[in-house]
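Peer 1: Got model_21.cif for you, mmCIF, C-alpha atoms:
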data_model
#
loop_
_atom_site.group_PDB
_atom_site.id
_atom_site.type_symbol
_atom_site.label_atom_id
_atom_site.label_comp_id
_atom_site.auth_asym_id
_atom_site.auth_seq_id
_atom_site.Cartn_x
_atom_site.Cartn_y
_atom_site.Cartn_z
ATOM 1 C CA MET A 10 9.988 13.288 -7.089
ATOM 2 C CA ARG A 11 8.009 14.169 -10.218
ATOM 3 C CA LEU A 12 4.865 12.188 -11.022
ATOM 4 C CA ASP A 13 6.157 10.900 -14.371
ATOM 5 C CA ALA A 14 9.366 9.723 -12.706
ATOM 6 C CA MET A 15 7.312 7.942 -10.023
ATOM 7 C CA ILE A 16 5.229 6.169 -12.667
ATOM 8 C CA ILE A 17 8.332 5.012 -14.533
ATOM 9 C CA LEU A 18 9.880 3.868 -11.241
ATOM 10 C CA ALA A 19 6.686 1.961 -10.361
ATOM 11 C CA VAL A 20 6.672 0.134 -13.709
ATOM 12 C CA ILE A 21 10.357 -0.776 -13.427
ATOM 13 C CA PHE A 22 9.798 -1.900 -9.852
ATOM 14 C CA LEU A 23 6.812 -4.041 -10.913
ATOM 15 C CA LEU A 24 8.902 -5.747 -13.598
ATOM 16 C CA GLY A 25 11.636 -6.474 -11.064
ATOM 17 C CA VAL A 26 9.173 -7.927 -8.563
ATOM 18 C CA MET A 27 7.642 -10.070 -11.326
ATOM 19 C CA ILE A 28 11.034 -11.487 -12.275
ATOM 20 C CA PHE A 29 11.890 -12.373 -8.679
ATOM 21 C CA TYR A 30 8.375 -13.773 -8.093
ATOM 22 C CA LEU A 31 8.545 -16.134 -11.081
ATOM 23 C CA PRO A 32 10.076 -19.105 -9.179
ATOM 24 C CA VAL A 33 7.517 -18.626 -6.382
ATOM 25 C CA PHE A 34 4.753 -18.639 -8.998
ATOM 26 C CA PHE A 35 5.702 -22.099 -10.221
ATOM 27 C CA VAL A 36 6.037 -23.539 -6.707
ATOM 28 C CA LEU A 37 2.633 -22.172 -5.668
ATOM 29 C CA LYS A 38 1.077 -23.278 -8.953
ATOM 30 C CA LYS A 39 2.108 -26.864 -8.149
ATOM 31 C CA LYS A 40 0.474 -26.459 -4.722
ATOM 32 C CA GLY A 41 -2.837 -25.495 -6.344
ATOM 33 C CA LYS A 42 -2.723 -21.701 -6.081
ATOM 34 C CA GLY A 43 -4.247 -20.335 -9.267
ATOM 35 C CA GLY A 44 -2.885 -17.558 -11.428
ATOM 36 C CA LEU A 45 -5.475 -14.951 -10.380
ATOM 37 C CA ARG A 46 -4.871 -15.629 -6.691
ATOM 38 C CA GLN A 47 -1.159 -15.301 -7.248
ATOM 39 C CA LEU A 48 -1.745 -12.050 -9.115
ATOM 40 C CA SER A 49 -3.241 -10.638 -5.916
ATOM 41 C CA TYR A 50 -0.113 -11.791 -4.032
ATOM 42 C CA LEU A 51 2.178 -10.251 -6.647
ATOM 43 C CA LEU A 52 0.353 -6.911 -6.703
ATOM 44 C CA PHE A 53 0.336 -6.783 -2.901
ATOM 45 C CA LEU A 54 4.060 -7.501 -2.749
ATOM 46 C CA TRP A 55 4.741 -4.865 -5.413
ATOM 47 C CA SER A 56 2.619 -2.262 -3.611
ATOM 48 C CA PHE A 57 4.206 -2.906 -0.233
ATOM 49 C CA LEU A 58 7.791 -2.943 -1.499
ATOM 50 C CA LEU A 59 7.220 0.185 -3.587
ATOM 51 C CA ILE A 60 5.918 2.022 -0.516
ATOM 52 C CA LEU A 61 8.996 0.963 1.463
ATOM 53 C CA PHE A 62 11.302 1.984 -1.375
ATOM 54 C CA VAL A 63 9.704 5.400 -1.887
ATOM 55 C CA THR A 64 9.481 6.234 1.814
ATOM 56 C CA LEU A 65 12.727 4.798 3.167
ATOM 57 C CA THR A 66 15.320 5.601 0.511
ATOM 58 C CA PRO A 67 17.957 6.927 0.582
ATOM 59 C CA ILE A 68 18.955 5.020 3.715
ATOM 60 C CA THR A 69 21.077 6.942 6.212
ATOM 61 C CA PHE A 70 21.247 6.255 9.915
ATOM 62 C CA SER A 71 23.683 8.940 10.984
ATOM 63 C CA PRO A 72 21.637 12.106 10.824
ATOM 64 C CA GLU A 73 22.900 15.432 12.025
ATOM 65 C CA GLN A 74 19.379 16.542 12.926
ATOM 66 C CA TYR A 75 16.059 14.926 13.734
ATOM 67 C CA HIS A 76 12.874 16.469 12.319
ATOM 68 C CA LEU A 77 9.426 15.881 13.800
ATOM 69 C CA ASN A 78 6.176 17.635 12.899
ATOM 70 C CA LEU A 79 3.203 16.831 15.126
ATOM 71 C CA ARG A 80 1.002 19.737 13.973
ATOM 72 C CA PRO A 81 -1.426 18.459 11.331
ATOM 73 C CA PHE A 82 -1.579 20.352 8.047
ATOM 74 C CA LEU A 83 0.893 23.024 9.108
ATOM 75 C CA TRP A 84 1.595 23.678 5.427
ATOM 76 C CA LEU A 85 -1.959 25.032 5.007
ATOM 77 C CA GLU A 86 -1.483 27.823 7.563
ATOM 78 C CA GLY A 87 -1.488 31.369 6.274
ATOM 79 C CA GLY A 88 -3.543 30.556 3.192
ATOM 80 C CA ASN A 89 -0.495 30.087 0.968
ATOM 81 C CA VAL A 90 -0.837 26.584 -0.397
ATOM 82 C CA ASN A 91 2.486 25.434 -1.749
ATOM 83 C CA ARG A 92 1.983 23.413 -4.945
ATOM 84 C CA ILE A 93 4.829 21.049 -4.097
ATOM 85 C CA GLU A 94 3.364 20.350 -0.647
ATOM 86 C CA LEU A 95 -0.052 19.770 -2.222
ATOM 87 C CA MET A 96 1.353 17.309 -4.767
ATOM 88 C CA GLU A 97 3.238 15.502 -2.000
ATOM 89 C CA SER A 98 0.029 15.208 0.013
ATOM 90 C CA VAL A 99 -1.892 13.849 -2.976
ATOM 91 C CA GLY A 100 0.963 11.424 -3.624
ATOM 92 C CA ASN A 101 0.850 10.217 -0.012
ATOM 93 C CA VAL A 102 -2.844 9.433 -0.351
ATOM 94 C CA LEU A 103 -2.468 7.769 -3.765
ATOM 95 C CA MET A 104 0.491 5.662 -2.628
ATOM 96 C CA PHE A 105 -1.587 3.826 -0.009
ATOM 97 C CA ILE A 106 -4.751 3.250 -2.081
ATOM 98 C CA PRO A 107 -3.388 0.039 -3.676
ATOM 99 C CA LEU A 108 -2.317 -1.265 -0.258
ATOM 100 C CA GLY A 109 -5.765 -0.558 1.193
ATOM 101 C CA PHE A 110 -7.301 -2.428 -1.749
ATOM 102 C CA LEU A 111 -4.888 -5.368 -1.788
ATOM 103 C CA LEU A 112 -4.587 -6.086 1.957
ATOM 104 C CA PRO A 113 -8.172 -7.397 2.219
ATOM 105 C CA ALA A 114 -7.864 -9.095 -1.172
ATOM 106 C CA VAL A 115 -4.859 -11.109 0.018
ATOM 107 C CA PHE A 116 -5.597 -11.483 3.741
ATOM 108 C CA LYS A 117 -9.141 -12.499 4.661
ATOM 109 C CA LYS A 118 -8.578 -11.505 8.304
ATOM 110 C CA VAL A 119 -8.321 -7.791 7.443
ATOM 111 C CA ARG A 120 -11.619 -7.592 5.551
ATOM 112 C CA LYS A 121 -13.149 -5.780 8.504
ATOM 113 C CA ILE A 122 -12.599 -2.020 8.425
ATOM 114 C CA TYR A 123 -11.287 -1.726 11.987
ATOM 115 C CA LEU A 124 -8.651 -4.418 11.403
ATOM 116 C CA LEU A 125 -7.546 -2.922 8.100
ATOM 117 C CA ALA A 126 -7.411 0.542 9.685
ATOM 118 C CA GLY A 127 -5.174 -0.838 12.441
ATOM 119 C CA VAL A 128 -2.804 -2.505 9.981
ATOM 120 C CA ILE A 129 -2.598 0.609 7.768
ATOM 121 C CA PHE A 130 -1.958 2.791 10.812
ATOM 122 C CA ILE A 131 0.801 0.487 12.090
ATOM 123 C CA ILE A 132 2.490 0.444 8.677
ATOM 124 C CA THR A 133 2.409 4.214 8.157
ATOM 125 C CA PHE A 134 3.363 4.977 11.775
ATOM 126 C CA SER A 135 6.285 2.537 11.521
ATOM 127 C CA ILE A 136 7.514 4.210 8.349
ATOM 128 C CA GLU A 137 7.424 7.659 9.964
ATOM 129 C CA PHE A 138 9.099 6.296 13.109
ATOM 130 C CA ILE A 139 11.950 4.845 11.038
ATOM 131 C CA GLN A 140 12.227 8.040 8.970
ATOM 132 C CA TYR A 141 12.723 10.064 12.137
ATOM 133 C CA PHE A 142 15.800 8.036 13.087
ATOM 134 C CA MET A 143 17.091 8.246 9.530
ATOM 135 C CA GLY A 144 17.266 12.025 9.800
ATOM 136 C CA ARG A 145 14.307 12.554 7.503
ATOM 137 C CA ILE A 146 11.159 14.424 8.455
ATOM 138 C CA ALA A 147 8.647 12.421 10.477
ATOM 139 C CA ASP A 148 5.353 14.170 9.793
ATOM 140 C CA ILE A 149 1.867 13.617 11.206
ATOM 141 C CA ASP A 150 0.495 14.736 7.825
ATOM 142 C CA ASP A 151 2.111 11.722 6.167
ATOM 143 C CA VAL A 152 0.464 9.387 8.702
ATOM 144 C CA LEU A 153 -2.954 10.986 8.150
ATOM 145 C CA GLU A 154 -2.641 11.081 4.340
ATOM 146 C CA ASN A 155 -1.336 7.505 4.091
ATOM 147 C CA PHE A 156 -4.123 6.346 6.404
ATOM 148 C CA LEU A 157 -6.711 8.133 4.260
ATOM 149 C CA GLY A 158 -5.311 6.456 1.147
ATOM 150 C CA GLY A 159 -5.543 3.046 2.812
ATOM 151 C CA ILE A 160 -9.164 3.657 3.815
ATOM 152 C CA ILE A 161 -10.038 4.832 0.283
ATOM 153 C CA GLY A 162 -8.420 1.656 -1.080
ATOM 154 C CA TYR A 163 -10.515 -0.413 1.333
ATOM 155 C CA GLY A 164 -13.649 1.415 0.162
ATOM 156 C CA ILE A 165 -12.778 0.555 -3.447
ATOM 157 C CA PHE A 166 -12.195 -3.088 -2.453
ATOM 158 C CA THR A 167 -15.562 -3.218 -0.669
ATOM 159 C CA ALA A 168 -17.349 -1.729 -3.695
ATOM 160 C CA PHE A 169 -15.622 -4.186 -6.054
ATOM 161 C CA ASN A 170 -16.466 -7.057 -3.719
ATOM 162 C CA LYS A 171 -20.156 -6.131 -3.702
ATOM 163 C CA LEU A 172 -20.293 -5.599 -7.475
ATOM 164 C CA LEU A 173 -18.185 -8.584 -8.483
ATOM 165 C CA GLN A 174 -18.941 -11.189 -5.815
ATOM 166 C CA SER A 175 -20.757 -13.417 -8.296
ATOM 167 C CA ARG A 176 -17.885 -13.312 -10.810
ATOM 168 C CA ARG A 177 -15.696 -16.379 -10.745
ATOM 169 C CA TRP A 178 -12.514 -14.469 -11.632
ATOM 170 C CA TRP A 179 -13.038 -12.097 -8.681
ATOM 171 C CA SER A 180 -13.633 -15.009 -6.304
ATOM 172 C CA ARG A 181 -10.375 -16.549 -7.462
ATOM 173 C CA PHE A 182 -8.522 -13.234 -7.114
ATOM 174 C CA ILE A 183 -9.559 -12.853 -3.458
ATOM 175 C CA GLY A 184 -9.281 -16.577 -2.637
ATOM 176 C CA MET A 185 -12.973 -17.417 -2.350
ATOM 177 C CA SER A 186 -14.660 -20.409 -3.885
ATOM 178 C CA SER A 187 -17.601 -19.741 -6.178
ATOM 179 C CA GLU A 188 -19.963 -20.602 -3.278
ATOM 180 C CA GLY A 189 -18.488 -17.734 -1.252
ATOM 181 C CA LYS A 190 -16.543 -19.894 1.199
ATOM 182 C CA MET A 191 -12.807 -19.608 1.662
ATOM 183 C CA LYS A 192 -11.051 -21.991 -0.662
ATOM 184 C CA GLU A 193 -7.610 -21.494 0.824
ATOM 185 C CA LYS A 194 -6.281 -20.236 4.117
ATOM 186 C CA ASN A 195 -4.181 -17.069 4.334
#
Would you mind giving the structure from this file in structure tokens?
Peer 2:
Amino acid sequence: MRLDAMIILAVIFLLGVMIFYLPVFFVLKKKGKGGLRQLSYLLFLWSFLLILFVTLTPITFSPEQYHLNLRPFLWLEGGNVNRIELMESVGNVLMFIPLGFLLPAVFKKVRKIYLLAGVIFIITFSIEFIQYFMGRIADIDDVLENFLGGIIGYGIFTAFNKLLQSRRWWSRFIGMSSEGKMKEKN
């Protein structure tokens, strides 16, 4: 899929998620969840659903063949780097950066790198596992690239958290009170 088409799809998908989230917004608002905190929920939901949509569509469970690649970076062999393969690899990394950023923003329990790494690995492995049985290519490169994207996203979250920890809007976004204690449970 071309990059411009992916961007348009992401925007349309975000608008759809926002529309369906609207009733939830009002219910949570009544329960004391602020707008910035809910923005983190909305962005997380959008990121996760977009990943599922991009990686698991079209849905077919009657494949004629099963494809599995367990040799990392096979496409780099021979020195001929295919531009399409390169763009796909970059896309795999970029696709998981928002998830790596938003998981610790939404869920306090995955603010430790080893826990986030485990969650990201489980998500990307599960996607590849499902793709195999859908007759699509299950590729170790996708697992490694998605994992790298998740870790980069976590690094960005950690940097933002250090730089912005004294900002009230950031504390609200990640569910912390201004004193640095958890205001709400996840």
Peer 1: What separation in Å, quoted to one decimal, exists between CA of Trp84 in chain A and CA of Gly159 in chain A?
Peer 2: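 Between CA of Trp84 in chain A and CA of Gly159 in chain A the gap works out to 22.0 Å.
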Peer 1: Restricting the calculation to only C-alpha atoms: of A:Leu77, A:Val36, A:Met27, A:Leu45, which residue gets closest to Tyr141 in chain A?
Peer 2: A:Leu77
Peer 1: Apply the PyMOL selection byres ((chain A and resi 125-137) around 9) to the displayed file and report the matching residues as number ranges by chain.
Peer 2: A: 61, 64-65, 105, 108-109, 112-113, 118-124, 138-142, 145-149, 151-153, 155-156, 159-160, 163
Peer 1: Between CA of Val99 in chain A and CA of Phe182 in chain A, what is the distance in Å, rounded to a tenth?
Peer 2: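 Going from CA of Val99 in chain A over to CA of Phe182 in chain A covers 28.2 Å.
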Peer 1: Counting all atoms listed in the file, which residue out of A:Asn78, A:Glu86, A:Leu52, A:Met143 sits closest to Pro107 in chain A?
Peer 2: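 Distance minimum relative to Pro107 in chain A lands on A:Leu52.
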Peer 1: Find the residue from A:Leu83, A:Met96, A:Ile183, A:Leu54 that sits nearest to Ala114 in chain A; use all atoms listed in the file when measuring.
Peer 2: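 Residue with the minimum atom-to-atom distance to Ala114 in chain A: A:Ile183.
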Peer 1: Could you tell me which residues the PyMOL selection byres ((chain A and resi 48) around 12) returns for this structure, as a VMD selection string?
Peer 2: chain A and resid 23 26 to 27 30 to 31 33 to 34 37 to 38 42 to 47 49 to 55 111 114 to 115 178 to 179 181 to 184
Peer 1: What separation in Å, quoted to one decimal, exists between CA of Gly41 in chain A and CA of Leu172 in chain A?
Peer 2: 26.5 Å
Peer 1: Would you translate the PyMOL selection byres ((chain A and resi 100) around 10) into the concrete set of residues it matches in this file, as a ChimeraX atom specification?
Peer 2: /A:10,12,15,94-99,101-105,151,154-155,158
Peer 1: Compare A:Gly162, A:Gly144, A:Pro67, A:Pro32 by their minimum atom-to-atom distance to Phe110 in chain A, counting all atoms listed in the file, and give me the closest one.
Peer 2: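 Ranking A:Gly162, A:Gly144, A:Pro67, A:Pro32 by distance to Phe110 in chain A, first place goes to A:Gly162.
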